[in-house]
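Asks: What follows is query04.txt, made up of compact mmCIF, C-alpha atoms and all ligand atoms:
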# COMPACT_ATOMS: atom_id res chain seq x y z
CA MET R 1 112.66 70.73 108.62
CA ILE R 2 115.36 68.08 108.26
CA TYR R 3 114.66 66.67 104.79
CA ASP R 4 114.10 68.34 101.43
CA GLN R 5 113.11 65.40 99.22
CA ILE R 6 111.55 61.97 99.32
CA LEU R 7 113.46 59.20 97.59
CA ILE R 8 111.31 56.33 96.28
CA ARG R 9 112.60 52.81 95.65
CA TYR R 10 110.62 50.83 93.09
CA GLY R 11 109.08 47.47 93.82
CA GLU R 12 108.70 44.78 91.22
CA ILE R 13 109.07 47.41 88.52
CA SER R 14 112.80 47.12 88.70
CA THR R 15 112.73 43.57 87.34
CA LYS R 16 110.83 44.54 84.21
CA GLY R 17 113.75 45.05 81.82
CA LYS R 18 112.79 46.82 78.62
CA ASN R 19 109.37 47.86 79.88
CA ARG R 20 110.83 49.74 82.76
CA THR R 21 110.20 53.20 81.30
CA PHE R 22 106.54 52.31 80.86
CA PHE R 23 106.21 51.14 84.48
CA VAL R 24 108.09 54.12 85.85
CA ASP R 25 105.95 56.48 83.85
CA LYS R 26 102.74 54.86 85.16
CA LEU R 27 103.98 55.22 88.72
CA ARG R 28 104.88 58.85 88.17
CA ARG R 29 101.44 59.64 86.78
CA ASN R 30 99.70 57.81 89.62
CA LEU R 31 101.75 59.77 92.14
CA LYS R 32 100.84 63.03 90.45
CA TYR R 33 97.15 62.20 90.83
CA VAL R 34 97.40 61.01 94.41
CA LEU R 35 99.54 63.95 95.51
CA ASN R 36 97.53 66.45 93.51
CA GLU R 37 96.79 68.65 96.53
CA TYR R 38 100.48 69.38 97.21
CA LYS R 39 100.98 72.14 94.68
CA ASN R 40 104.63 72.88 95.50
CA ILE R 41 106.14 69.46 95.05
CA LYS R 42 108.07 68.32 91.97
CA ILE R 43 108.33 64.68 90.94
CA ARG R 44 111.39 63.49 89.05
CA ALA R 45 111.99 59.93 87.87
CA ASP R 46 115.00 58.03 86.70
CA ARG R 47 115.53 54.35 85.95
CA ASP R 48 116.02 53.17 89.53
CA ARG R 49 114.59 55.86 91.75
CA MET R 50 111.95 58.54 91.90
CA TYR R 51 112.36 61.79 93.79
CA ILE R 52 109.77 64.14 95.19
CA GLN R 53 111.16 67.58 95.80
CA LEU R 54 109.25 68.89 98.79
CA ASN R 55 109.68 72.65 98.28
CA GLY R 56 108.48 73.36 101.79
CA GLU R 57 105.82 70.61 102.15
CA GLU R 58 106.07 68.36 105.22
CA TRP R 59 107.20 64.88 104.27
CA GLU R 60 105.13 63.27 107.04
CA ASN R 61 101.90 64.45 105.39
CA ILE R 62 102.88 62.98 102.05
CA ALA R 63 104.16 59.71 103.54
CA GLY R 64 100.66 58.51 104.49
CA LYS R 65 99.53 58.86 100.87
CA LEU R 66 102.67 57.28 99.44
CA GLN R 67 102.19 54.18 101.57
CA LYS R 68 99.01 53.38 99.65
CA VAL R 69 100.48 53.62 96.17
CA PHE R 70 101.36 50.35 94.44
CA GLY R 71 104.74 49.93 92.76
CA ILE R 72 106.72 51.36 95.68
CA GLN R 73 108.94 49.02 97.67
CA SER R 74 110.10 51.63 100.18
CA PHE R 75 110.76 55.33 100.47
CA SER R 76 112.81 57.72 102.59
CA PRO R 77 112.77 61.42 103.28
CA VAL R 78 116.29 62.51 102.30
CA VAL R 79 118.67 65.39 102.13
CA LYS R 80 120.42 65.73 98.81
CA VAL R 81 124.08 66.76 99.09
CA SER R 82 126.82 67.38 96.56
CA LYS R 83 129.53 64.72 96.44
CA ASP R 84 132.10 66.85 98.22
CA ILE R 85 132.96 64.73 101.28
CA GLU R 86 133.21 67.75 103.59
CA GLN R 87 129.68 68.75 102.72
CA VAL R 88 128.42 65.22 103.23
CA LYS R 89 130.00 65.17 106.71
CA GLU R 90 128.49 68.52 107.58
CA GLN R 91 125.02 67.54 106.39
CA ALA R 92 125.17 64.22 108.28
CA LEU R 93 126.00 66.17 111.41
CA ILE R 94 123.13 68.60 110.88
CA ILE R 95 120.68 65.68 110.54
CA PHE R 96 121.98 64.07 113.73
CA GLN R 97 121.78 67.35 115.62
CA LYS R 98 118.20 67.89 114.52
CA LEU R 99 117.32 64.34 115.54
CA GLN R 100 118.88 65.02 118.97
CA ALA R 101 121.31 62.16 118.66
CA SER R 102 123.19 62.89 121.86
CA GLY R 103 123.04 59.89 124.20
CA LYS R 104 121.82 57.57 121.42
CA THR R 105 123.38 54.65 119.54
CA PHE R 106 123.91 54.67 115.78
CA LYS R 107 125.45 53.14 112.72
CA VAL R 108 126.18 54.28 109.17
CA SER R 109 125.21 52.15 106.14
CA THR R 110 126.34 53.18 102.70
CA LYS R 111 125.13 52.00 99.30
CA ARG R 112 127.14 53.06 96.32
CA SER R 113 125.73 52.79 92.82
CA ASP R 114 128.31 55.28 91.51
CA LYS R 115 131.34 53.01 91.42
CA GLU R 116 133.62 55.87 90.38
CA TYR R 117 133.19 57.76 93.62
CA PRO R 118 136.65 57.99 95.27
CA TYR R 119 135.52 56.47 98.60
CA ASP R 120 134.13 52.96 98.85
CA THR R 121 131.33 52.00 101.26
CA ASN R 122 133.63 51.05 104.15
CA GLU R 123 135.59 54.26 103.86
CA LEU R 124 132.44 56.33 103.80
CA ASN R 125 130.95 54.51 106.80
CA TYR R 126 134.16 55.19 108.67
CA LEU R 127 134.59 58.84 107.62
CA LEU R 128 131.01 59.79 108.42
CA GLY R 129 130.82 57.66 111.58
CA SER R 130 133.96 59.19 113.08
CA HIS R 131 132.86 62.72 112.18
CA LEU R 132 129.59 62.17 114.04
CA LEU R 133 131.36 60.58 117.05
CA GLN R 134 133.75 63.53 117.29
CA ASN R 135 131.03 66.14 117.20
CA ILE R 136 128.15 64.73 119.23
CA ASP R 137 128.35 64.07 122.96
CA SER R 138 127.79 60.56 124.26
CA LEU R 139 126.96 59.08 120.90
CA THR R 140 127.95 55.41 120.62
CA VAL R 141 128.07 52.83 117.84
CA ASP R 142 125.73 49.84 117.83
CA VAL R 143 125.76 47.91 114.57
CA HIS R 144 122.98 45.49 115.56
CA HIS R 145 120.19 47.56 117.11
CA PRO R 146 121.04 51.23 116.66
CA ASP R 147 118.62 53.98 117.68
CA LEU R 148 119.57 55.85 114.51
CA GLU R 149 120.80 54.44 111.25
CA LEU R 150 122.29 56.94 108.83
CA LYS R 151 121.71 55.59 105.34
CA VAL R 152 123.89 57.01 102.62
CA GLU R 153 123.13 56.45 98.92
CA VAL R 154 125.91 57.47 96.57
CA ARG R 155 124.35 57.97 93.16
CA LYS R 156 125.65 59.50 89.93
CA ASP R 157 124.05 62.91 90.43
CA ALA R 158 124.46 63.38 94.19
CA ILE R 159 124.55 61.76 97.61
CA TYR R 160 121.32 61.20 99.55
CA LEU R 161 121.21 60.99 103.35
CA THR R 162 118.40 59.69 105.53
CA CYS R 163 117.62 58.08 108.88
CA GLU R 164 114.22 56.69 107.85
CA VAL R 165 113.07 53.88 105.58
CA ILE R 166 109.33 53.42 105.22
CA LYS R 167 107.86 50.31 103.70
CA GLY R 168 105.69 50.84 100.62
CA ALA R 169 102.65 48.85 99.49
CA GLY R 170 104.64 46.78 96.97
CA GLY R 171 102.88 45.43 93.88
CA MET R 172 102.87 47.07 90.48
CA PRO R 173 101.71 50.54 89.44
CA VAL R 174 97.97 50.73 88.81
CA GLY R 175 97.36 50.65 85.07
CA SER R 176 100.55 48.81 84.18
CA SER R 177 98.59 45.55 83.67
CA GLY R 178 95.68 47.05 81.70
CA LYS R 179 92.05 47.77 82.56
CA ALA R 180 89.22 45.68 84.05
CA MET R 181 85.69 46.24 85.33
CA LEU R 182 85.13 45.62 89.04
CA MET R 183 81.65 44.45 90.04
CA LEU R 184 81.35 46.51 93.19
CA SER R 185 78.56 45.79 95.67
CA GLY R 186 78.33 47.46 99.05
CA GLY R 187 79.63 44.29 100.71
CA ILE R 188 82.94 43.42 102.31
CA ASP R 189 84.37 41.29 99.54
CA SER R 190 84.30 43.25 96.31
CA PRO R 191 86.29 46.29 97.55
CA VAL R 192 88.96 43.87 98.79
CA ALA R 193 88.96 42.11 95.41
CA GLY R 194 89.35 45.53 93.77
CA TYR R 195 92.24 46.45 96.02
CA LEU R 196 94.10 43.19 95.41
CA SER R 197 93.70 43.38 91.65
CA MET R 198 94.92 46.97 91.60
CA LYS R 199 97.94 45.71 93.49
CA ARG R 200 98.80 43.57 90.47
CA GLY R 201 98.69 46.66 88.27
CA LEU R 202 95.08 46.62 87.04
CA LYS R 203 93.31 49.88 86.46
CA LEU R 204 89.67 49.45 87.48
CA GLU R 205 86.33 50.99 86.71
CA ALA R 206 83.46 49.80 88.87
CA VAL R 207 79.97 48.67 87.91
CA HIS R 208 77.31 48.86 90.60
CA PHE R 209 73.74 47.59 90.29
CA TYR R 210 71.24 49.76 92.00
CA SER R 211 67.51 49.12 92.52
CA PRO R 212 65.67 52.16 93.82
CA PRO R 213 63.35 52.41 95.70
CA PHE R 214 64.20 48.96 97.11
CA THR R 215 67.70 50.19 97.79
CA SER R 216 68.14 53.64 99.25
CA GLU R 217 70.21 56.67 98.30
CA ARG R 218 72.37 55.81 101.31
CA SER R 219 73.27 52.41 99.86
CA LYS R 220 74.49 54.25 96.76
CA GLN R 221 76.48 56.66 98.93
CA LYS R 222 78.09 53.63 100.56
CA VAL R 223 79.40 52.49 97.18
CA LEU R 224 80.69 55.99 96.38
CA ASP R 225 82.49 56.04 99.74
CA LEU R 226 84.06 52.67 98.96
CA GLY R 227 85.10 54.12 95.60
CA LYS R 228 86.77 57.03 97.39
CA LYS R 229 88.84 54.60 99.46
CA LEU R 230 89.90 52.75 96.33
CA ALA R 231 90.72 56.09 94.67
CA GLN R 232 93.40 56.60 97.33
CA VAL R 233 95.32 53.90 95.52
CA SER R 234 94.72 55.04 91.96
CA GLY R 235 94.01 58.75 92.39
CA GLN R 236 90.70 58.49 90.57
CA PHE R 237 87.96 55.93 90.31
CA ILE R 238 85.09 55.70 87.83
CA ILE R 239 81.83 54.09 88.98
CA HIS R 240 79.05 53.13 86.58
CA ILE R 241 75.73 52.92 88.39
CA VAL R 242 73.29 50.65 86.56
CA PRO R 243 69.52 51.08 87.10
CA PHE R 244 68.46 47.52 87.87
CA THR R 245 64.96 47.76 89.37
CA GLU R 246 63.02 46.89 86.25
CA ILE R 247 65.09 43.80 85.52
CA GLN R 248 64.85 42.57 89.08
CA GLN R 249 61.09 43.00 89.09
CA LEU R 250 60.75 41.11 85.83
CA ILE R 251 62.90 38.31 87.17
CA GLN R 252 60.65 38.13 90.24
CA GLU R 253 57.62 37.82 87.99
CA HIS R 254 58.87 35.31 85.44
CA VAL R 255 61.45 33.11 87.13
CA PRO R 256 60.78 30.41 89.76
CA GLU R 257 61.97 31.67 93.08
CA ASN R 258 64.86 29.26 93.51
CA TYR R 259 66.39 30.43 90.21
CA THR R 260 66.00 34.20 90.67
CA MET R 261 69.48 34.58 92.13
CA THR R 262 71.10 32.66 89.26
CA ILE R 263 69.27 34.61 86.57
CA THR R 264 69.94 37.92 88.35
CA ARG R 265 73.66 37.15 88.35
CA ARG R 266 73.61 36.21 84.69
CA MET R 267 71.91 39.51 83.86
CA MET R 268 74.42 41.47 85.93
CA LEU R 269 77.26 39.77 84.16
CA ARG R 270 75.78 40.43 80.70
CA ILE R 271 75.37 44.12 81.50
CA THR R 272 78.86 44.37 82.98
CA GLU R 273 80.15 42.69 79.83
CA GLU R 274 78.42 45.32 77.70
CA ILE R 275 79.94 48.18 79.71
CA ARG R 276 83.34 46.47 79.67
CA HIS R 277 83.21 46.33 75.91
CA ARG R 278 82.29 50.02 75.60
CA GLN R 279 85.00 51.05 78.06
CA GLU R 280 87.61 48.90 76.29
CA ALA R 281 88.53 46.85 79.35
CA LEU R 282 89.74 43.25 79.03
CA ALA R 283 88.51 41.52 82.19
CA ILE R 284 85.88 41.52 84.92
CA VAL R 285 86.81 41.37 88.62
CA THR R 286 84.42 40.06 91.29
CA GLY R 287 84.57 39.47 95.04
CA GLU R 288 83.49 35.84 94.78
CA SER R 289 85.03 33.32 97.14
CA LEU R 290 84.46 29.65 96.51
CA GLY R 291 81.64 28.12 98.54
CA GLN R 292 80.91 31.26 100.55
CA VAL R 293 77.24 31.56 99.54
CA ALA R 294 74.78 29.88 97.14
CA SER R 295 75.89 32.04 94.20
CA GLN R 296 79.49 31.01 94.72
CA THR R 297 79.38 27.24 94.51
CA LEU R 298 81.25 25.79 91.57
CA GLU R 299 77.93 24.81 89.94
CA SER R 300 76.66 28.38 90.30
CA MET R 301 79.84 29.84 88.87
CA PHE R 302 79.61 27.38 85.97
CA THR R 303 76.03 28.40 85.17
CA ILE R 304 76.47 32.13 85.75
CA ASN R 305 79.80 32.36 83.94
CA GLU R 306 78.25 30.88 80.80
CA VAL R 307 77.06 34.28 79.57
CA THR R 308 80.56 35.62 78.90
CA ASN R 309 83.93 34.39 77.79
CA THR R 310 85.70 37.51 79.05
CA PRO R 311 88.27 36.54 81.72
CA ILE R 312 86.73 36.81 85.18
CA ILE R 313 89.31 37.54 87.85
CA ARG R 314 88.38 36.40 91.34
CA PRO R 315 91.20 37.47 93.65
CA LEU R 316 89.39 36.11 96.73
CA VAL R 317 88.42 32.73 95.33
CA THR R 318 90.58 30.74 97.73
CA MET R 319 90.50 33.09 100.70
CA ASP R 320 88.68 32.50 103.99
CA LYS R 321 86.21 35.14 105.12
CA ASN R 322 88.33 36.05 108.16
CA ASP R 323 91.34 36.75 106.00
CA ILE R 324 89.21 38.86 103.66
CA ILE R 325 87.93 40.82 106.67
CA ASP R 326 91.52 41.42 107.81
CA VAL R 327 92.37 43.00 104.47
CA ALA R 328 89.16 45.07 104.51
CA ARG R 329 90.18 46.41 107.93
CA GLU R 330 93.68 47.17 106.69
CA ILE R 331 92.46 49.13 103.67
CA ASP R 332 89.83 50.87 105.77
CA THR R 333 86.77 49.69 103.84
CA LEU R 334 85.37 47.37 106.53
CA GLU R 335 83.53 50.02 108.47
CA ILE R 336 81.89 51.38 105.30
CA SER R 337 80.92 47.88 104.11
CA ASN R 338 79.39 47.13 107.50
CA ARG R 339 76.91 50.02 107.27
CA PRO R 340 73.51 48.38 107.31
CA TYR R 341 71.92 49.63 104.07
CA GLU R 342 70.52 46.96 101.80
CA ASP R 343 72.11 45.98 98.52
CA CYS R 344 69.94 45.10 95.51
CA CYS R 345 70.81 41.42 95.90
CA THR R 346 69.96 41.18 99.57
CA VAL R 347 66.54 42.73 98.99
CA PHE R 348 65.60 40.16 96.38
CA THR R 349 67.42 37.15 97.81
CA PRO R 350 65.17 34.09 97.72
CA ALA R 351 64.75 32.02 100.87
CA GLN R 352 66.11 28.91 99.16
CA PRO R 353 68.40 29.79 96.28
CA LYS R 354 69.48 26.89 94.13
CA THR R 355 73.00 25.89 95.09
CA LYS R 356 73.42 23.70 92.00
CA PRO R 357 71.69 25.60 89.23
CA LYS R 358 71.73 24.06 85.74
CA ARG R 359 72.53 25.91 82.55
CA GLU R 360 69.54 24.28 80.74
CA ASN R 361 67.13 25.60 83.36
CA ALA R 362 68.63 29.07 83.18
CA HIS R 363 68.10 29.05 79.39
CA LYS R 364 64.51 27.94 79.84
CA TYR R 365 63.61 30.67 82.36
CA GLU R 366 65.39 33.39 80.41
CA GLY R 367 63.26 32.41 77.39
CA TYR R 368 60.31 34.10 79.11
CA MET R 369 61.95 37.53 79.07
CA ASP R 370 63.15 39.87 76.30
CA PHE R 371 66.48 40.38 77.99
CA GLU R 372 68.34 41.92 75.02
CA ALA R 373 66.09 44.96 75.15
CA LEU R 374 66.34 45.12 78.94
CA ILE R 375 70.12 45.05 78.84
CA LYS R 376 70.21 47.79 76.23
CA LYS R 377 67.91 49.96 78.33
CA ALA R 378 69.93 49.39 81.50
CA VAL R 379 73.20 50.26 79.76
CA GLU R 380 71.67 53.40 78.28
CA GLY R 381 70.50 54.45 81.73
CA VAL R 382 73.91 54.14 83.35
CA GLU R 383 74.99 57.07 85.47
CA THR R 384 78.76 57.48 85.55
CA ILE R 385 80.42 59.10 88.52
CA ILE R 386 84.09 59.97 88.85
CA VAL R 387 85.32 59.74 92.42
CA ASN R 388 88.58 61.39 93.39
CA ALA R 389 90.90 60.53 96.26
CA GLY R 390 89.84 63.80 97.87
CA ASP R 391 86.20 64.49 98.53
CA SER R 392 84.94 65.89 95.29
CA LEU R 393 82.53 63.97 93.10
CA GLU R 394 82.26 64.71 89.44
CA GLN R 395 79.23 63.53 87.61
CA SER R 396 79.15 63.04 83.89
CA GLU R 397 76.86 61.66 81.26
CA PHE R 398 77.83 58.16 80.25
CA SER R 399 78.26 59.23 76.64
CA ASP R 400 80.83 61.89 77.56
CA LEU R 401 83.36 59.19 78.22
CA PHE R 402 83.50 57.82 74.71
P1 LIG R 501 80.35 41.25 98.48
O1 LIG R 501 80.82 41.23 99.90
O2 LIG R 501 81.37 41.77 97.52
O3 LIG R 501 79.00 41.91 98.32
P2 LIG R 501 79.12 38.73 98.77
O4 LIG R 501 79.87 37.84 99.69
O5 LIG R 501 77.94 39.49 99.29
O6 LIG R 501 80.15 39.72 98.08
P3 LIG R 501 77.53 37.93 96.52
O7 LIG R 501 76.38 38.73 96.97
O8 LIG R 501 77.32 36.55 96.03
O9 LIG R 501 78.68 37.80 97.57
O10 LIG R 501 78.23 38.71 95.36
C1 LIG R 501 79.32 38.16 94.68
C2 LIG R 501 79.97 39.22 93.82
O11 LIG R 501 79.01 39.70 92.85
C3 LIG R 501 80.34 40.44 94.59
O12 LIG R 501 81.59 40.28 95.23
C4 LIG R 501 80.40 41.48 93.52
O13 LIG R 501 81.58 41.37 92.78
C5 LIG R 501 79.21 41.08 92.65
N1 LIG R 501 78.00 41.82 93.06
C6 LIG R 501 77.07 41.47 93.96
N2 LIG R 501 76.12 42.43 94.09
C7 LIG R 501 76.47 43.44 93.27
C8 LIG R 501 75.93 44.74 92.95
N3 LIG R 501 74.83 45.19 93.52
N4 LIG R 501 76.58 45.49 92.06
C9 LIG R 501 77.72 45.06 91.48
N5 LIG R 501 78.28 43.87 91.74
C10 LIG R 501 77.67 43.06 92.62
MG MG R 502 77.10 41.23 98.71
Could you render the structure as structure tokens?
Ligand code: ATP
Ligand code: MG
Replies:
Amino acid sequence: MIYDQILIRYGEISTKGKNRTFFVDKLRRNLKYVLNEYKNIKIRADRDRMYIQLNGEEWENIAGKLQKVFGIQSFSPVVKVSKDIEQVKEQALIIFQKLQASGKTFKVSTKRSDKEYPYDTNELNYLLGSHLLQNIDSLTVDVHHPDLELKVEVRKDAIYLTCEVIKGAGGMPVGSSGKAMLMLSGGIDSPVAGYLSMKRGLKLEAVHFYSPPFTSERSKQKVLDLGKKLAQVSGQFIIHIVPFTEIQQLIQEHVPENYTMTITRRMMLRITEEIRHRQEALAIVTGESLGQVASQTLESMFTINEVTNTPIIRPLVTMDKNDIIDVAREIDTLEISNRPYEDCCTVFTPAQPKTKPKRENAHKYEGYMDFEALIKKAVEGVETIIVNAGDSLEQSEFSDLF
């Protein structure tokens, strides 16, 4: 074992001035959730850096999880050394020996935030570089493309040594921008929309509309599996499953076929709005992309969006399908989304949905249904499931959460 800690460099957090403590604290909590299974580690935060003390855990195992957490610009497994220069030299040598540096090229790069340290960056590069050259056979310097780069961070409390820098996911810590409801279908787009909005610091709870027996238990499982992937970013993910069969059947009975899609979407949005209000979120996120399908023309959005004035965030609105698919592949949701089970919308999709639905017509057709009562019933029947980054599912009554 070469390293005893992981040093984390913040992303955009570091530009947030006064709010920095709030951002850092969010990141620390998110890390605690995500790294929950590593019982021995200790997380410590200061203004510019976070440290995970490994206490015997392998850093490589933790690295894969860290790479998914927003708010991290980069991280490195490090050895923490006292500021005694002899000890720094010795530790640098130990690292190089363990990395079997003989025959390789290297360079030393020092960063010094402790300006009172008696050696400046050039002196340190020189002192450590020459110590390594003297003690390791056929090691040579290459400042442009070295095999090994010894990075030295001189901080107030100690000096940190590493030969690895791993890129983080960037963005802002989940929760630092507030909470929103994600309308999560089993499709490709909405998990990607969820991921991108979490990247900007939103904490999400999902709402999924489910129409048994037209949609199967396996289509519900698909959504829970998508939730598990998203939980890898946030540590935990709450999914509200809305029973939607009765409403869809009523829409089929009372609404002309070419308007069923528009009315269905308006009902979904009203119910999501209700749940949003009860969960004290401030926005709704969808996977809509302009012009992709009939429900996503500007006219459709105009007519569907009428039922709420809550901000609707559409991270994919300007993205091409291929680019969305690339992100889905990257975040490992594509294969789950591609499972064939039907979603409640696909089952009831009309052959010729209206691509330019009018608000007046929507009002007229909704006049035939007592939708207030239906919405109330659907919201009361919500089943809330908490999905963790691991495999466990916790089920709770909706009312428990208030
Ligand atoms: P997706 O790939 O996310 O399913 P899509 O391309 O199939 O999107 P639509 O079916 O028009 O497009 O759905 C648009 C958006 O409406 C979805 O991205 C999602 O946010 C929401 N939505 C659709 N179906 C459901 C559902 N069953 N439950 C919750 N939200 C849904
Ligand atoms: Mg869909």
Asks: Up to 8 Å from (119.4, 62.9, 100.4) in the file's coordinates: name the residues, counting all atoms listed in the file, as an mmCIF file with C-alpha atoms, in the frame of the given file.
Replies:
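Done, and the output landed in out04.cif:
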data_model
loop_
_atom_site.group_PDB
_atom_site.id
_atom_site.type_symbol
_atom_site.label_atom_id
_atom_site.label_comp_id
_atom_site.auth_asym_id
_atom_site.auth_seq_id
_atom_site.Cartn_x
_atom_site.Cartn_y
_atom_site.Cartn_z
ATOM 1 C CA TYR R 3 114.660 66.670 104.790
ATOM 2 C CA ASP R 4 114.100 68.340 101.430
ATOM 3 C CA GLN R 5 113.110 65.400 99.220
ATOM 4 C CA ILE R 6 111.550 61.970 99.320
ATOM 5 C CA LEU R 7 113.460 59.200 97.590
ATOM 6 C CA PRO R 77 112.770 61.420 103.280
ATOM 7 C CA VAL R 78 116.290 62.510 102.300
ATOM 8 C CA VAL R 79 118.670 65.390 102.130
ATOM 9 C CA LYS R 80 120.420 65.730 98.810
ATOM 10 C CA VAL R 81 124.080 66.760 99.090
ATOM 11 C CA VAL R 152 123.890 57.010 102.620
ATOM 12 C CA GLU R 153 123.130 56.450 98.920
ATOM 13 C CA ILE R 159 124.550 61.760 97.610
ATOM 14 C CA TYR R 160 121.320 61.200 99.550
ATOM 15 C CA LEU R 161 121.210 60.990 103.350
ATOM 16 C CA THR R 162 118.400 59.690 105.530
#
Asks: 7 Å from ligand LIG 501 (chain R) is the threshold here; counting only C-alpha atoms and all ligand atoms, which polymer residues fall inside it? Answer as a list in words.
Replies: Leu182, Met183, Leu184, Ser185, Gly186, Gly187, Ile188, Asp189, Ser190, Pro191, Val207, His208, Phe209, Tyr210, Val285, Thr286, Gly287, Glu288, Gln292, Val293, Ser295, Gln296, Asp343, Cys344 and Cys345 of chain R
Asks: Taking 5 positions as the minimum chain separation for residues in the same chain, which residues sit within 12 Å of range 330-341 of chain R when counting all atoms listed in the file? Answer as number ranges by chain.
Replies: R: 67-69, 169, 184-196, 214-233, 322-325, 346-347
Asks: Create the file for the chosen residues now, containing C-alpha atoms and written as a short mmCIF file (atom, residue, chain, number, x, y, z; two decimals), in the coordinates of the input.
Replies:
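Result file is again_30.cif:
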data_model
loop_
_atom_site.label_atom_id
_atom_site.label_comp_id
_atom_site.auth_asym_id
_atom_site.auth_seq_id
_atom_site.Cartn_x
_atom_site.Cartn_y
_atom_site.Cartn_z
CA GLN R 67 102.19 54.18 101.57
CA LYS R 68 99.01 53.38 99.65
CA VAL R 69 100.48 53.62 96.17
CA ALA R 169 102.65 48.85 99.49
CA LEU R 184 81.35 46.51 93.19
CA SER R 185 78.56 45.79 95.67
CA GLY R 186 78.33 47.46 99.05
CA GLY R 187 79.63 44.29 100.71
CA ILE R 188 82.94 43.42 102.31
CA ASP R 189 84.37 41.29 99.54
CA SER R 190 84.30 43.25 96.31
CA PRO R 191 86.29 46.29 97.55
CA VAL R 192 88.96 43.87 98.79
CA ALA R 193 88.96 42.11 95.41
CA GLY R 194 89.35 45.53 93.77
CA TYR R 195 92.24 46.45 96.02
CA LEU R 196 94.10 43.19 95.41
CA PHE R 214 64.20 48.96 97.11
CA THR R 215 67.70 50.19 97.79
CA SER R 216 68.14 53.64 99.25
CA GLU R 217 70.21 56.67 98.30
CA ARG R 218 72.37 55.81 101.31
CA SER R 219 73.27 52.41 99.86
CA LYS R 220 74.49 54.25 96.76
CA GLN R 221 76.48 56.66 98.93
CA LYS R 222 78.09 53.63 100.56
CA VAL R 223 79.40 52.49 97.18
CA LEU R 224 80.69 55.99 96.38
CA ASP R 225 82.49 56.04 99.74
CA LEU R 226 84.06 52.67 98.96
CA GLY R 227 85.10 54.12 95.60
CA LYS R 228 86.77 57.03 97.39
CA LYS R 229 88.84 54.60 99.46
CA LEU R 230 89.90 52.75 96.33
CA ALA R 231 90.72 56.09 94.67
CA GLN R 232 93.40 56.60 97.33
CA VAL R 233 95.32 53.90 95.52
CA ASN R 322 88.33 36.05 108.16
CA ASP R 323 91.34 36.75 106.00
CA ILE R 324 89.21 38.86 103.66
CA ILE R 325 87.93 40.82 106.67
CA THR R 346 69.96 41.18 99.57
CA VAL R 347 66.54 42.73 98.99
#
Asks: At a cut-off of 9 Å, using all atoms listed in the file, what residues contact range 34-44 of chain R? Leave out same-chain residues fewer than 4 positions from it and give the result as a list in words.
Replies: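 Within the cut-off, the hits are Arg28, Arg29, Asn30, Arg49, Met50, Tyr51, Ile52, Gln53, Leu54, Asn55, Gly56, Glu57, Ile62, Lys65, Leu66, Val69, Ala231, Gln232, Val233, Ser234, Gly235, Gln236, Asn388, Ala389 and Gly390 of chain R.
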Asks: Would you mind telling me which residue in R:Gln352, R:Leu374, R:Arg265, R:Arg329 lies nearest to ligand MG 502 (chain R) when using only C-alpha atoms and all ligand atoms?
Replies: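 When distances to ligand MG 502 (chain R) are compared using only C-alpha atoms and all ligand atoms, the smallest one comes from R:Arg265.
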Asks: Taking all atoms listed in the file into account, name the residue in R:Ile284, R:Cys163, R:Val255, R:Met267 that is nearest to Tyr365 in chain R.
Replies: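 Of R:Ile284, R:Cys163, R:Val255, R:Met267, the one nearest Tyr365 in chain R is R:Val255, counting all atoms listed in the file.
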Asks: Set the distance at 6 Å and use all atoms listed in the file: which residues neighbour range 354-360 of chain R once local chain neighbours fewer than 6 positions away are removed? I'd like the list as a tab-separated table (two decimals) with C-alpha atoms, in the frame of the given file.
Replies:
chain	number	residue	atom	x	y	z
R	258	ASN	CA	64.86	29.26	93.51
R	294	ALA	CA	74.78	29.88	97.14
R	299	GLU	CA	77.93	24.81	89.94
R	300	SER	CA	76.66	28.38	90.30
R	303	THR	CA	76.03	28.40	85.17
Asks: Using Å and a single decimal, report how far CA of Asp137 in chain R sits from CA of Ile94 in chain R.
Replies: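 Here the two named atoms are 13.9 Å from each other.
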